[in-house]
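Trainee: The following file, work15.cif, comprises mmCIF, C-alpha atoms (C1' of nucleotides):
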```cif
data_my_file
#
loop_
_atom_site.group_PDB
_atom_site.id
_atom_site.type_symbol
_atom_site.label_atom_id
_atom_site.label_comp_id
_atom_site.auth_asym_id
_atom_site.auth_seq_id
_atom_site.Cartn_x
_atom_site.Cartn_y
_atom_site.Cartn_z
ATOM 1 C CA MET A 54 0.000 0.000 0.000
ATOM 2 C CA ILE A 55 1.153 3.489 -0.752
ATOM 3 C CA THR A 56 1.461 5.875 2.168
ATOM 4 C CA PRO A 57 1.960 9.642 2.141
ATOM 5 C CA GLU A 58 5.453 9.089 3.497
ATOM 6 C CA SER A 59 6.538 6.610 0.827
ATOM 7 C CA PHE A 60 4.875 8.718 -1.824
ATOM 8 C CA PHE A 61 6.632 11.940 -0.820
ATOM 9 C CA ARG A 62 9.902 10.097 -0.475
ATOM 10 C CA ALA A 63 9.529 9.001 -4.068
ATOM 11 C CA LEU A 64 8.881 12.594 -5.141
ATOM 12 C CA SER A 65 11.840 13.937 -3.189
ATOM 13 C CA ASP A 66 14.277 13.245 -6.003
ATOM 14 C CA GLY A 67 14.430 15.635 -8.925
ATOM 15 C CA THR A 68 14.765 12.912 -11.522
ATOM 16 C CA ARG A 69 11.734 10.983 -10.287
ATOM 17 C CA LEU A 70 9.699 14.129 -9.862
ATOM 18 C CA ARG A 71 10.316 15.216 -13.426
ATOM 19 C CA CYS A 72 9.460 11.759 -14.713
ATOM 20 C CA LEU A 73 6.140 11.920 -12.926
ATOM 21 C CA LEU A 74 5.335 15.406 -14.116
ATOM 22 C CA LEU A 75 5.965 14.212 -17.644
ATOM 23 C CA LEU A 76 3.661 11.255 -17.074
ATOM 24 C CA LEU A 77 0.964 13.605 -15.877
ATOM 25 C CA ALA A 78 0.962 15.233 -19.283
ATOM 26 C CA GLU A 79 1.564 12.227 -21.501
ATOM 27 C CA ASP A 80 -0.215 8.919 -21.171
ATOM 28 C CA ALA A 81 2.649 6.467 -21.643
ATOM 29 C CA ILE A 82 6.352 7.126 -22.088
ATOM 30 C CA CYS A 83 9.205 4.739 -22.744
ATOM 31 C CA VAL A 84 12.668 4.897 -21.218
ATOM 32 C CA CYS A 85 14.449 6.300 -24.238
ATOM 33 C CA GLU A 86 11.921 9.117 -24.368
ATOM 34 C CA PHE A 87 12.602 9.973 -20.741
ATOM 35 C CA VAL A 88 16.315 9.880 -21.461
ATOM 36 C CA HIS A 89 15.875 12.349 -24.283
ATOM 37 C CA ALA A 90 13.468 14.672 -22.508
ATOM 38 C CA LEU A 91 15.470 14.823 -19.291
ATOM 39 C CA ASP A 92 18.905 14.591 -20.904
ATOM 40 C CA LEU A 93 20.150 12.047 -18.383
ATOM 41 C CA SER A 94 21.982 8.739 -18.654
ATOM 42 C CA GLN A 95 19.905 5.653 -19.430
ATOM 43 C CA PRO A 96 20.859 3.713 -16.252
ATOM 44 C CA ARG A 97 19.975 6.684 -14.133
ATOM 45 C CA VAL A 98 16.517 7.045 -15.665
ATOM 46 C CA SER A 99 15.890 3.319 -15.580
ATOM 47 C CA ARG A 100 16.844 3.025 -11.939
ATOM 48 C CA HIS A 101 14.538 5.829 -10.871
ATOM 49 C CA LEU A 102 11.649 4.515 -12.943
ATOM 50 C CA GLY A 103 12.179 1.101 -11.384
ATOM 51 C CA HIS A 104 11.961 2.711 -7.988
ATOM 52 C CA LEU A 105 8.679 4.389 -8.910
ATOM 53 C CA ARG A 106 7.340 1.029 -10.051
ATOM 54 C CA ASP A 107 8.472 -0.731 -6.861
ATOM 55 C CA VAL A 108 6.588 1.819 -4.792
ATOM 56 C CA GLY A 109 3.503 1.338 -6.947
ATOM 57 C CA ILE A 110 3.288 4.808 -8.419
ATOM 58 C CA VAL A 111 3.770 3.732 -12.024
ATOM 59 C CA THR A 112 3.075 0.580 -13.986
ATOM 60 C CA THR A 113 4.971 -0.874 -16.917
ATOM 61 C CA GLU A 114 4.057 -2.469 -20.173
ATOM 62 C CA ARG A 115 6.492 -3.943 -22.634
ATOM 63 C CA ARG A 116 5.946 -3.182 -26.323
ATOM 64 C CA GLY A 117 8.583 -5.010 -28.273
ATOM 65 C CA GLN A 118 11.930 -3.712 -27.171
ATOM 66 C CA TRP A 119 10.411 -0.684 -25.503
ATOM 67 C CA MET A 120 9.233 -0.542 -21.934
ATOM 68 C CA TYR A 121 6.447 1.933 -21.417
ATOM 69 C CA TYR A 122 5.723 3.578 -18.110
ATOM 70 C CA ARG A 123 2.465 5.174 -17.085
ATOM 71 C CA LEU A 124 0.914 6.450 -13.888
ATOM 72 C CA ASN A 125 -0.711 3.630 -11.963
ATOM 73 C CA ARG A 126 -4.391 3.868 -12.796
ATOM 74 C CA GLU A 127 -5.220 2.780 -9.261
ATOM 75 C CA LEU A 128 -3.263 5.590 -7.704
ATOM 76 C CA PRO A 129 -5.334 6.955 -4.803
ATOM 77 C CA THR A 130 -7.088 10.246 -5.400
ATOM 78 C CA TRP A 131 -5.040 12.169 -2.884
ATOM 79 C CA ALA A 132 -1.805 11.091 -4.587
ATOM 80 C CA ARG A 133 -3.018 12.182 -7.989
ATOM 81 C CA ASP A 134 -4.115 15.481 -6.456
ATOM 82 C CA VAL A 135 -0.645 15.970 -5.027
ATOM 83 C CA LEU A 136 0.880 15.532 -8.465
ATOM 84 C CA THR A 137 -1.624 17.873 -10.038
ATOM 85 C CA ALA A 138 -0.850 20.517 -7.433
ATOM 86 C CA ALA A 139 2.893 20.161 -7.987
ATOM 87 C CA PHE A 140 2.279 20.461 -11.694
ATOM 88 C CA GLN A 141 1.004 23.991 -11.091
ATOM 89 C CA ALA A 142 4.366 25.020 -9.680
ATOM 90 C CA GLU A 143 6.717 23.882 -12.319
ATOM 91 C CA GLY A 144 7.590 25.130 -15.761
ATOM 92 C CA VAL A 145 6.978 21.714 -17.243
ATOM 93 C CA ARG A 146 6.275 23.194 -20.616
ATOM 94 C CA ASP A 147 9.919 23.063 -21.661
ATOM 95 C CA LEU A 148 10.084 19.455 -20.483
ATOM 96 C CA ARG A 149 7.144 18.495 -22.643
ATOM 97 C CA GLN A 150 8.620 20.415 -25.506
ATOM 98 C CA ARG A 151 11.859 18.502 -25.302
ATOM 99 C CA LEU A 152 9.896 15.267 -25.272
ATOM 100 C CA ALA A 153 7.983 16.319 -28.380
ATOM 101 C CA SER A 154 11.186 17.351 -30.150
ATOM 102 C CA MET A 155 12.669 13.867 -29.924
ATOM 103 C CA PRO A 156 13.760 12.569 -33.335
ATOM 104 C CA ASN A 157 12.539 9.093 -34.336
ATOM 105 C CA ARG A 158 10.240 8.937 -31.380
ATOM 106 C CA PRO A 159 8.788 5.441 -30.994
ATOM 107 C CA SER A 160 5.029 5.342 -31.222
ATOM 108 C CA ILE A 161 2.685 3.381 -28.975
ATOM 109 C CA SER A 162 -0.640 2.289 -30.356
ATOM 110 C CA CYS A 163 -3.344 3.211 -27.914
ATOM 111 C CA ASN A 164 -5.889 0.519 -27.241
ATOM 112 C CA MET B 40 12.657 30.157 -2.947
ATOM 113 C CA ILE B 41 10.780 26.949 -2.386
ATOM 114 C CA THR B 42 10.820 24.437 -5.218
ATOM 115 C CA PRO B 43 8.745 21.288 -5.642
ATOM 116 C CA GLU B 44 11.879 19.260 -5.076
ATOM 117 C CA SER B 45 12.880 20.926 -1.814
ATOM 118 C CA PHE B 46 9.275 20.851 -0.685
ATOM 119 C CA PHE B 47 8.798 17.146 -1.319
ATOM 120 C CA ARG B 48 12.145 16.391 0.241
ATOM 121 C CA ALA B 49 10.934 18.122 3.383
ATOM 122 C CA LEU B 50 7.767 16.013 3.355
ATOM 123 C CA SER B 51 9.663 12.771 2.803
ATOM 124 C CA ASP B 52 10.301 12.275 6.491
ATOM 125 C CA GLY B 53 7.521 10.906 8.668
ATOM 126 C CA THR B 54 8.246 13.223 11.573
ATOM 127 C CA ARG B 55 8.150 16.344 9.449
ATOM 128 C CA LEU B 56 5.096 15.188 7.559
ATOM 129 C CA ARG B 57 3.137 14.607 10.728
ATOM 130 C CA CYS B 58 4.201 17.984 12.078
ATOM 131 C CA LEU B 59 2.863 19.653 8.957
ATOM 132 C CA LEU B 60 -0.391 17.745 8.981
ATOM 133 C CA LEU B 61 -0.885 18.892 12.548
ATOM 134 C CA LEU B 62 -0.175 22.469 11.510
ATOM 135 C CA LEU B 63 -2.771 22.183 8.793
ATOM 136 C CA ALA B 64 -5.403 21.566 11.456
ATOM 137 C CA GLU B 65 -4.156 23.856 14.204
ATOM 138 C CA ASP B 66 -3.021 27.424 13.679
ATOM 139 C CA ALA B 67 0.092 27.539 15.882
ATOM 140 C CA ILE B 68 1.761 24.785 17.866
ATOM 141 C CA CYS B 69 4.742 24.903 20.192
ATOM 142 C CA VAL B 70 7.498 22.324 20.448
ATOM 143 C CA CYS B 71 6.305 20.679 23.627
ATOM 144 C CA GLU B 72 2.898 20.172 22.058
ATOM 145 C CA PHE B 73 4.470 18.448 19.075
ATOM 146 C CA VAL B 74 6.493 16.298 21.455
ATOM 147 C CA HIS B 75 3.354 15.238 23.244
ATOM 148 C CA ALA B 76 1.214 14.656 20.164
ATOM 149 C CA LEU B 77 3.861 12.707 18.278
ATOM 150 C CA ASP B 78 5.392 11.005 21.316
ATOM 151 C CA LEU B 79 8.930 11.704 20.170
ATOM 152 C CA SER B 80 12.024 13.099 21.869
ATOM 153 C CA GLN B 81 12.337 16.871 22.117
ATOM 154 C CA PRO B 82 15.621 17.147 20.178
ATOM 155 C CA ARG B 83 14.191 15.084 17.400
ATOM 156 C CA VAL B 84 11.105 17.267 17.039
ATOM 157 C CA SER B 85 13.107 20.464 17.354
ATOM 158 C CA ARG B 86 15.587 19.407 14.724
ATOM 159 C CA HIS B 87 12.877 18.564 12.198
ATOM 160 C CA LEU B 88 10.943 21.756 12.876
ATOM 161 C CA GLY B 89 14.163 23.691 12.392
ATOM 162 C CA HIS B 90 14.597 22.007 9.060
ATOM 163 C CA LEU B 91 11.075 22.986 8.020
ATOM 164 C CA ARG B 92 11.840 26.562 9.001
ATOM 165 C CA ASP B 93 15.133 26.600 7.085
ATOM 166 C CA VAL B 94 13.308 25.502 3.959
ATOM 167 C CA GLY B 95 10.693 28.202 4.469
ATOM 168 C CA ILE B 96 7.680 25.994 5.020
ATOM 169 C CA VAL B 97 6.984 27.137 8.558
ATOM 170 C CA THR B 98 7.625 30.324 10.497
ATOM 171 C CA THR B 99 8.373 30.738 14.180
ATOM 172 C CA GLU B 100 7.295 33.113 16.874
ATOM 173 C CA ARG B 101 8.599 33.131 20.397
ATOM 174 C CA ARG B 102 6.075 33.563 23.189
ATOM 175 C CA GLY B 103 7.941 33.662 26.437
ATOM 176 C CA GLN B 104 9.713 30.355 26.804
ATOM 177 C CA TRP B 105 7.651 28.719 24.123
ATOM 178 C CA MET B 106 8.478 28.709 20.452
ATOM 179 C CA TYR B 107 5.417 28.515 18.260
ATOM 180 C CA TYR B 108 5.468 27.129 14.751
ATOM 181 C CA ARG B 109 2.908 27.805 12.054
ATOM 182 C CA LEU B 110 2.646 27.240 8.340
ATOM 183 C CA ASN B 111 4.312 30.058 6.429
ATOM 184 C CA ARG B 112 1.491 32.342 5.402
ATOM 185 C CA GLU B 113 3.315 33.052 2.160
ATOM 186 C CA LEU B 114 3.480 29.403 1.202
ATOM 187 C CA PRO B 115 2.683 29.170 -2.527
ATOM 188 C CA THR B 116 -0.757 27.922 -3.433
ATOM 189 C CA TRP B 117 0.462 24.705 -5.013
ATOM 190 C CA ALA B 118 2.343 23.781 -1.830
ATOM 191 C CA ARG B 119 -0.673 24.342 0.355
ATOM 192 C CA ASP B 120 -2.721 22.283 -2.089
ATOM 193 C CA VAL B 121 -0.206 19.452 -1.790
ATOM 194 C CA LEU B 122 -0.585 19.445 1.974
ATOM 195 C CA THR B 123 -4.351 19.554 1.750
ATOM 196 C CA ALA B 124 -4.329 16.601 -0.628
ATOM 197 C CA ALA B 125 -2.035 14.602 1.665
ATOM 198 C CA PHE B 126 -4.339 15.433 4.526
ATOM 199 C CA GLN B 127 -7.078 13.470 2.766
ATOM 200 C CA ALA B 128 -4.998 10.312 2.924
ATOM 201 C CA GLU B 129 -4.057 10.167 6.512
ATOM 202 C CA GLY B 130 -5.959 9.312 9.643
ATOM 203 C CA VAL B 131 -4.829 12.506 11.274
ATOM 204 C CA ARG B 132 -7.752 12.442 13.620
ATOM 205 C CA ASP B 133 -5.874 10.405 16.209
ATOM 206 C CA LEU B 134 -2.962 12.812 15.925
ATOM 207 C CA ARG B 135 -5.203 15.781 16.620
ATOM 208 C CA GLN B 136 -6.821 13.930 19.440
ATOM 209 C CA ARG B 137 -3.494 13.280 21.108
ATOM 210 C CA LEU B 138 -2.671 16.954 20.758
ATOM 211 C CA ALA B 139 -5.968 17.935 22.354
ATOM 212 C CA SER B 140 -5.453 15.468 25.187
ATOM 213 C CA MET B 141 -2.236 17.125 26.336
ATOM 214 C CA PRO B 142 -2.343 18.055 30.037
ATOM 215 C CA ASN B 143 -1.339 21.612 30.974
ATOM 216 C CA ARG B 144 -1.284 22.636 27.377
ATOM 217 C CA PRO B 145 0.227 26.119 26.996
ATOM 218 C CA SER B 146 -2.153 28.608 25.447
ATOM 219 C CA ILE B 147 -1.338 31.143 22.776
ATOM 220 C CA SER B 148 -3.384 34.288 22.518
ATOM 221 C CA CYS B 149 -4.450 34.798 18.953
ATOM 222 C CA ASN B 150 -3.988 38.293 17.625
ATOM 223 C "C1'" DT C 239 21.970 34.607 41.634
ATOM 224 C "C1'" DA C 240 20.379 30.035 41.443
ATOM 225 C "C1'" DA C 241 17.148 26.844 39.896
ATOM 226 C "C1'" DT C 242 13.866 25.338 36.469
ATOM 227 C "C1'" DC C 243 11.478 24.759 32.227
ATOM 228 C "C1'" DA C 244 11.489 25.054 27.080
ATOM 229 C "C1'" DT C 245 14.118 24.860 23.159
ATOM 230 C "C1'" DA C 246 18.193 24.448 20.203
ATOM 231 C "C1'" DT C 247 22.511 22.539 18.752
ATOM 232 C "C1'" DA C 248 26.855 19.559 18.591
ATOM 233 C "C1'" DC C 249 28.797 15.047 18.052
ATOM 234 C "C1'" DG C 250 29.379 10.214 16.328
ATOM 235 C "C1'" DG C 251 27.780 6.451 14.349
ATOM 236 C "C1'" DA C 252 24.512 3.739 11.602
ATOM 237 C "C1'" DT C 253 22.111 3.647 7.482
ATOM 238 C "C1'" DA C 254 20.283 5.320 3.159
ATOM 239 C "C1'" DT C 255 20.713 7.576 -1.169
ATOM 240 C "C1'" DC C 256 22.630 8.706 -5.396
ATOM 241 C "C1'" DC C 257 25.800 8.467 -9.144
ATOM 242 C "C1'" DA C 258 28.996 6.826 -12.938
ATOM 243 C "C1'" DT C 259 30.741 2.942 -14.989
ATOM 244 C "C1'" DA C 260 30.523 -1.536 -16.498
ATOM 245 C "C1'" DT C 261 27.893 -5.420 -17.620
ATOM 246 C "C1'" DA C 262 23.762 -8.359 -18.141
ATOM 247 C "C1'" DT C 263 19.277 -9.386 -20.281
ATOM 248 C "C1'" DA C 264 15.890 -9.202 -23.868
ATOM 249 C "C1'" DA C 265 13.832 -8.206 -28.252
ATOM 250 C "C1'" DG C 266 14.378 -7.210 -33.066
ATOM 251 C "C1'" DA C 267 16.973 -7.273 -37.447
ATOM 252 C "C1'" DT C 268 20.377 -9.159 -40.746
ATOM 253 C "C1'" DA D 151 23.792 -17.312 -34.981
ATOM 254 C "C1'" DT D 152 25.283 -12.557 -34.889
ATOM 255 C "C1'" DC D 153 24.617 -7.785 -34.444
ATOM 256 C "C1'" DT D 154 22.145 -3.837 -32.852
ATOM 257 C "C1'" DT D 155 18.977 -1.378 -30.026
ATOM 258 C "C1'" DA D 156 16.503 -0.886 -25.626
ATOM 259 C "C1'" DT D 157 16.393 -1.683 -20.942
ATOM 260 C "C1'" DA D 158 17.835 -3.447 -16.460
ATOM 261 C "C1'" DT D 159 21.059 -4.447 -12.834
ATOM 262 C "C1'" DA D 160 25.508 -4.873 -10.183
ATOM 263 C "C1'" DT D 161 29.461 -2.598 -7.928
ATOM 264 C "C1'" DG D 162 31.838 0.669 -5.315
ATOM 265 C "C1'" DG D 163 32.463 5.082 -3.592
ATOM 266 C "C1'" DA D 164 30.902 9.752 -2.223
ATOM 267 C "C1'" DT D 165 27.572 12.101 0.234
ATOM 268 C "C1'" DA D 166 23.358 12.819 2.813
ATOM 269 C "C1'" DT D 167 20.144 11.685 6.336
ATOM 270 C "C1'" DC D 168 18.611 10.371 10.681
ATOM 271 C "C1'" DC D 169 18.972 9.203 15.419
ATOM 272 C "C1'" DG D 170 20.221 9.141 20.515
ATOM 273 C "C1'" DT D 171 22.817 11.285 23.822
ATOM 274 C "C1'" DA D 172 24.847 15.076 25.826
ATOM 275 C "C1'" DT D 173 25.129 19.846 26.264
ATOM 276 C "C1'" DA D 174 24.223 24.715 25.327
ATOM 277 C "C1'" DT D 175 21.112 28.733 25.154
ATOM 278 C "C1'" DG D 176 17.162 31.458 26.644
ATOM 279 C "C1'" DA D 177 13.272 32.802 29.438
ATOM 280 C "C1'" DT D 178 11.011 32.599 33.957
ATOM 281 C "C1'" DT D 179 10.707 32.133 38.730
ATOM 282 C "C1'" DA D 180 12.264 31.917 43.499
#
```
Starting from the coordinates I provided, produce the structure as structure tokens.
Mentor:
Amino acid sequence: MITPESFFRALSDGTRLRCLLLLLAEDAICVCEFVHALDLSQPRVSRHLGHLRDVGIVTTERRGQWMYYRLNRELPTWARDVLTAAFQAEGVRDLRQRLASMPNRPSISCN
Amino acid sequence: MITPESFFRALSDGTRLRCLLLLLAEDAICVCEFVHALDLSQPRVSRHLGHLRDVGIVTTERRGQWMYYRLNRELPTWARDVLTAAFQAEGVRDLRQRLASMPNRPSISCN
DNA sequence: TAATCATATACGGATATCCATATATAAGAT
DNA sequence: ATCTTATATATGGATATCCGTATATGATTA
């Protein structure tokens, strides 16, 4: 179960926080997209995403060679509200822009 | 300035989180009241409250020998919203009850 | 001034966190 | 099977965090 303490601990790292703010804007994102948008090393992104999955904040879905991450649909309301509130504080627009500007961005079919 | 990252880092500790949830319900609380409500050692509470003050989340006001802590009135909206959302998750009622049940509770005149 | 109550800080040690680098796994593609 | 791309994990070291205990500061009272 996800508690306020474990949830805030997960948000206390800049890398994880930015991943989540991206996921609030985009439905599903794969690791290489995070790497491009955040301009960080692949192991670093992967490790932090794995942490978010272990805590139960995100879920994963493999699509071929790509691993897609999305916000856990069963995230409690209060947790989603916390993210939405944090979203109001940040200039995430440039983040989203860098995600959109990725060349050869893999596409996920939505179903 | 207070950023989402520094804010969430401050909330990532159980002691600090519970202090803040108490402050969301009660206007101003002094250290010995926190100690009673949380049943923790005085240095531990004081250290965490000091941290919250350093980050700018709470402000202090000395009243005689008592040091009162309150939420920073200038806390940005998004931060207050985060706390309010977290408040929805927790059974803070027992916390508040333990605060109310403190014997010889010092009183602060509100002005 | 001395004694007391409330609060803050200093110190050391245990543990946790984070990173870069290297390597392992897993799924295509040739 | 081999090669390439995508992702995950292991290792070791640097740094941060947290705690209990002891002590310092500050206000109040006797």
Trainee: Need the shell around stretch 167-176 of chain D: protein/DNA/RNA residues with any atom at most 8 Å away, counting only C-alpha atoms (C1' of nucleotides). Skip same-chain ones fewer than 6 positions apart. Format as a list in words?
Mentor: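 Within the cut-off, the hits are Arg83 and Gln104 of chain B; DA246, DT247, DA248 and DA254 of chain C.
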Trainee: List the residues selected by the PyMOL selection byres ((chain C) within 8 of (chain A)) in the file shown, writing them as a ChimeraX atom specification.
Mentor: /C:257,264-266
Trainee: Looking at B:Ala118, B:Glu44, B:His87, B:Glu65, which one is nearest to chain D, with distances taken over only C-alpha atoms (C1' of nucleotides)?
Mentor: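 Smallest separation from chain D among the options: B:His87.
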Trainee: What's around B:Cys71 at 8 Å? Count all atoms listed in the file, leave out sequence neighbours fewer than 3 positions away in its own chain, and write the answer as a PDB file with C-alpha atoms (C1' of nucleotides), keeping the file's coordinate frame.
Mentor:
```pdb
ATOM      1  CA  VAL B  74       6.493  16.298  21.455  1.00  0.00           C
ATOM      2  CA  HIS B  75       3.354  15.238  23.244  1.00  0.00           C
ATOM      3  CA  GLN B  81      12.337  16.871  22.117  1.00  0.00           C
TER       4      GLN B  81
ATOM      5  C1'  DA C 244      11.489  25.054  27.080  1.00  0.00           C
TER       6       DA C 244
END
```
Trainee: Contacts of A:Gly67 at 12 Å or less, counting all atoms listed in the file, minus same-chain residues fewer than 6 places along, as a list in words?
Mentor: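 After dropping sequence-adjacent residues, the list is Phe61, Leu73, Leu74, Leu91, Leu93, Arg97, Val98, His101 and Glu143 of chain A; Thr42, Pro43, Glu44, Ser45, Phe46, Phe47 and Arg48 of chain B; DC256 of chain C.
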Trainee: Which residues match the PyMOL selection byres ((chain A and resi 112) around 10) in the file above, as number ranges by chain?
Mentor: A: 81, 102-103, 105-111, 113-114, 121-127
Trainee: With all Cα atoms paired residue by residue, do a least-squares superposition of chain B on chain A and hand back the transformed coordinates as a tab-separated table (two decimals) with C-alpha atoms, in the coordinates of the input.
Mentor:
```
chain	number	residue	atom	x	y	z
B	40	MET	CA	0.03	-0.02	0.02
B	41	ILE	CA	1.15	3.48	-0.76
B	42	THR	CA	1.44	5.87	2.17
B	43	PRO	CA	1.95	9.63	2.14
B	44	GLU	CA	5.44	9.08	3.48
B	45	SER	CA	6.52	6.59	0.82
B	46	PHE	CA	4.86	8.72	-1.83
B	47	PHE	CA	6.61	11.93	-0.83
B	48	ARG	CA	9.89	10.10	-0.48
B	49	ALA	CA	9.51	8.99	-4.08
B	50	LEU	CA	8.87	12.58	-5.15
B	51	SER	CA	11.83	13.93	-3.20
B	52	ASP	CA	14.26	13.23	-6.01
B	53	GLY	CA	14.41	15.62	-8.94
B	54	THR	CA	14.75	12.89	-11.54
B	55	ARG	CA	11.73	10.98	-10.31
B	56	LEU	CA	9.69	14.13	-9.89
B	57	ARG	CA	10.32	15.22	-13.44
B	58	CYS	CA	9.47	11.76	-14.72
B	59	LEU	CA	6.14	11.92	-12.95
B	60	LEU	CA	5.34	15.40	-14.14
B	61	LEU	CA	5.97	14.20	-17.67
B	62	LEU	CA	3.66	11.25	-17.08
B	63	LEU	CA	0.97	13.60	-15.89
B	64	ALA	CA	0.97	15.24	-19.31
B	65	GLU	CA	1.57	12.22	-21.52
B	66	ASP	CA	-0.22	8.91	-21.19
B	67	ALA	CA	2.66	6.46	-21.66
B	68	ILE	CA	6.36	7.12	-22.11
B	69	CYS	CA	9.21	4.73	-22.75
B	70	VAL	CA	12.67	4.88	-21.22
B	71	CYS	CA	14.45	6.30	-24.23
B	72	GLU	CA	11.93	9.12	-24.37
B	73	PHE	CA	12.60	9.97	-20.74
B	74	VAL	CA	16.32	9.88	-21.47
B	75	HIS	CA	15.88	12.33	-24.29
B	76	ALA	CA	13.49	14.68	-22.52
B	77	LEU	CA	15.48	14.82	-19.30
B	78	ASP	CA	18.92	14.59	-20.91
B	79	LEU	CA	20.14	12.03	-18.39
B	80	SER	CA	21.97	8.72	-18.67
B	81	GLN	CA	19.89	5.63	-19.43
B	82	PRO	CA	20.85	3.71	-16.27
B	83	ARG	CA	19.97	6.67	-14.15
B	84	VAL	CA	16.51	7.04	-15.67
B	85	SER	CA	15.88	3.31	-15.59
B	86	ARG	CA	16.86	3.02	-11.97
B	87	HIS	CA	14.54	5.82	-10.89
B	88	LEU	CA	11.64	4.52	-12.96
B	89	GLY	CA	12.19	1.11	-11.39
B	90	HIS	CA	11.97	2.71	-7.99
B	91	LEU	CA	8.68	4.39	-8.91
B	92	ARG	CA	7.35	1.03	-10.05
B	93	ASP	CA	8.48	-0.73	-6.87
B	94	VAL	CA	6.59	1.82	-4.81
B	95	GLY	CA	3.50	1.35	-6.96
B	96	ILE	CA	3.28	4.81	-8.44
B	97	VAL	CA	3.78	3.75	-12.04
B	98	THR	CA	3.06	0.59	-13.99
B	99	THR	CA	4.98	-0.87	-16.91
B	100	GLU	CA	4.06	-2.47	-20.18
B	101	ARG	CA	6.50	-3.95	-22.62
B	102	ARG	CA	5.96	-3.19	-26.29
B	103	GLY	CA	8.57	-5.03	-28.26
B	104	GLN	CA	11.93	-3.73	-27.15
B	105	TRP	CA	10.44	-0.70	-25.49
B	106	MET	CA	9.25	-0.55	-21.93
B	107	TYR	CA	6.45	1.93	-21.42
B	108	TYR	CA	5.72	3.58	-18.11
B	109	ARG	CA	2.46	5.18	-17.08
B	110	LEU	CA	0.92	6.45	-13.89
B	111	ASN	CA	-0.72	3.62	-11.97
B	112	ARG	CA	-4.39	3.87	-12.81
B	113	GLU	CA	-5.21	2.77	-9.28
B	114	LEU	CA	-3.25	5.59	-7.71
B	115	PRO	CA	-5.34	6.95	-4.81
B	116	THR	CA	-7.10	10.23	-5.40
B	117	TRP	CA	-5.05	12.17	-2.88
B	118	ALA	CA	-1.82	11.10	-4.60
B	119	ARG	CA	-3.02	12.18	-7.99
B	120	ASP	CA	-4.13	15.47	-6.46
B	121	VAL	CA	-0.64	15.96	-5.03
B	122	LEU	CA	0.88	15.52	-8.47
B	123	THR	CA	-1.63	17.86	-10.05
B	124	ALA	CA	-0.86	20.50	-7.45
B	125	ALA	CA	2.90	20.14	-8.00
B	126	PHE	CA	2.27	20.45	-11.70
B	127	GLN	CA	1.00	23.98	-11.10
B	128	ALA	CA	4.36	25.02	-9.69
B	129	GLU	CA	6.70	23.88	-12.34
B	130	GLY	CA	7.52	25.16	-15.78
B	131	VAL	CA	6.96	21.74	-17.24
B	132	ARG	CA	6.28	23.20	-20.63
B	133	ASP	CA	9.94	23.08	-21.62
B	134	LEU	CA	10.09	19.48	-20.46
B	135	ARG	CA	7.15	18.53	-22.64
B	136	GLN	CA	8.63	20.44	-25.50
B	137	ARG	CA	11.88	18.52	-25.28
B	138	LEU	CA	9.91	15.30	-25.26
B	139	ALA	CA	7.99	16.35	-28.35
B	140	SER	CA	11.18	17.36	-30.12
B	141	MET	CA	12.66	13.88	-29.92
B	142	PRO	CA	13.73	12.57	-33.34
B	143	ASN	CA	12.54	9.08	-34.33
B	144	ARG	CA	10.26	8.93	-31.37
B	145	PRO	CA	8.82	5.42	-30.97
B	146	SER	CA	5.05	5.33	-31.19
B	147	ILE	CA	2.71	3.39	-28.95
B	148	SER	CA	-0.67	2.36	-30.25
B	149	CYS	CA	-3.31	3.30	-27.75
B	150	ASN	CA	-5.85	0.61	-27.02
```
Trainee: Excluding same-chain residues fewer than 3 positions from C:DA262, what lies within 9 Å of it counting only C-alpha atoms (C1' of nucleotides), as an MDAnalysis selection string?
Mentor: chainID D and resid 158:160
Trainee: Using the chain letters and numbering of this document, enumerate as a ChimeraX atom specification the residues selected by the PyMOL selection byres ((chain D) within 8 of (chain A)).
Mentor: /D:155-158
Trainee: Produce a file of the selected residues containing C-alpha atoms (C1' of nucleotides), as a compact mmCIF listing (two decimals), in the coordinates of the input.
Mentor:
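Written out: part_30.txt:
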```txt
# COMPACT_ATOMS: atom_id res chain seq x y z
C1' DT D 155 18.98 -1.38 -30.03
C1' DA D 156 16.50 -0.89 -25.63
C1' DT D 157 16.39 -1.68 -20.94
C1' DA D 158 17.84 -3.45 -16.46
```
